[in-house]
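Chemist: Before I ask anything, let me first share the structure, which is written out below as structure tokens.
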Amino acid sequence: MITFKNVIDLFQEIVNKHFQLQTLQTGELSEVDINKLNQQDFPLLFLQPSTTTIDVRTLIYSFDIYVLTQVLDDGTSTNDSYSQTLLIMKDIVSEFRQILSSSSFVPASDKSEYIIQLPISCEPFTERFANLLTGWESNISIEVSNENNLCIAPISNS
């Protein structure tokens, strides 16, 4: 069974292997401590857990995901940042879409377990903290197998 932690670990593996992504954070976007982040922490992949659906044979994990970078006074425009972060978002979606390919980051034993629900809409995002964060936000739903089996549940029969 693919747990919530397994899905987070998969996103961490994507960040580790992607040449541009630097950091993964999870939680509520409003809780990001932007003052503790440095320029080398960007682009950042931020996962905010959303609804999880339990069905007969599947679990569907949903996340609001953000691919963010800083717009600095170094001449980088907001449009350049939007372009770069949207390409990264497409890479993340491609990883799940092509999960059965040999270039996938997912361990071979788990490849058939992750199914991304398409299409995915992306919205541009700009937030003013102590510095300007810009990128794209999407809601991604990932379907995995679910054993609804009381025999494996940690419960007592007495």
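Residue names in the structure tokens use chain letters A, B, ... in the order shown, residue numbers from 1 in each chain, and ligand numbers from 1 in the order shown.
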Fewer than 3 positions away in the same chain doesn't count, so skip those; otherwise give me all residues within 9 Å of region 8-19 of chain A, counting only C-alpha atoms, as a short mmCIF file (atom, residue, chain, number, x, y, z; two decimals) with C-alpha atoms, in the first residue's frame.

Modeler:
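Everything below was put into around17.cif:
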```cif
data_model
loop_
_atom_site.label_atom_id
_atom_site.label_comp_id
_atom_site.auth_asym_id
_atom_site.auth_seq_id
_atom_site.Cartn_x
_atom_site.Cartn_y
_atom_site.Cartn_z
CA THR A 3 0.98 5.74 2.20
CA PHE A 4 0.83 9.52 2.44
CA LYS A 5 4.50 9.48 3.46
CA GLN A 22 16.23 22.94 -4.89
CA THR A 23 13.83 22.47 -1.98
CA LEU A 24 10.66 20.64 -1.00
CA GLN A 25 8.42 21.93 1.76
CA THR A 26 5.01 20.73 2.92
CA LEU A 44 10.95 25.58 -4.42
CA LEU A 45 8.31 22.85 -4.66
CA LEU A 47 3.03 20.69 -1.26
CA ILE A 88 9.22 22.74 -13.93
CA ASP A 91 8.29 18.18 -15.62
CA ILE A 92 6.55 17.09 -12.41
CA GLU A 95 7.15 12.29 -14.19
CA PHE A 105 12.50 8.43 -10.76
CA VAL A 106 10.01 6.06 -9.12
#
```

Chemist: Do you have the CA of Thr134 (chain A)-CA of Glu28 (chain A) distance handy?

Modeler: 16.7 Å

Chemist: Taking 2 positions as the minimum chain separation for residues in the same chain, which residues sit within 8 Å of Thr85 (chain A) when counting only C-alpha atoms? Answer as a ChimeraX atom specification.

Modeler: /A:43,67-69,81-83,87-89,135-136

Chemist: Quick one: residues within 8 Å of Ile2 (chain A), only C-alpha atoms counted, chain neighbours fewer than 2 positions away excluded, as a count of residues only?

Modeler: 7

Chemist: Between CA of Glu143 (chain A) and CA of Ser121 (chain A), what is the distance in Å, rounded to a tenth?

Modeler: 17.3 Å

Chemist: Nearest residue to Thr78 (chain A) out of A:Thr126, A:Gln117, A:Asn38, A:Ser62, using only C-alpha atoms?

Modeler: A:Thr126

Chemist: With distances taken over only C-alpha atoms, which residue among A:Asn139, A:Gln39, A:Gln98, A:Gln20 lies nearest Val71 (chain A)?

Modeler: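 The answer is A:Gln39, which sits nearest to Val71 (chain A).
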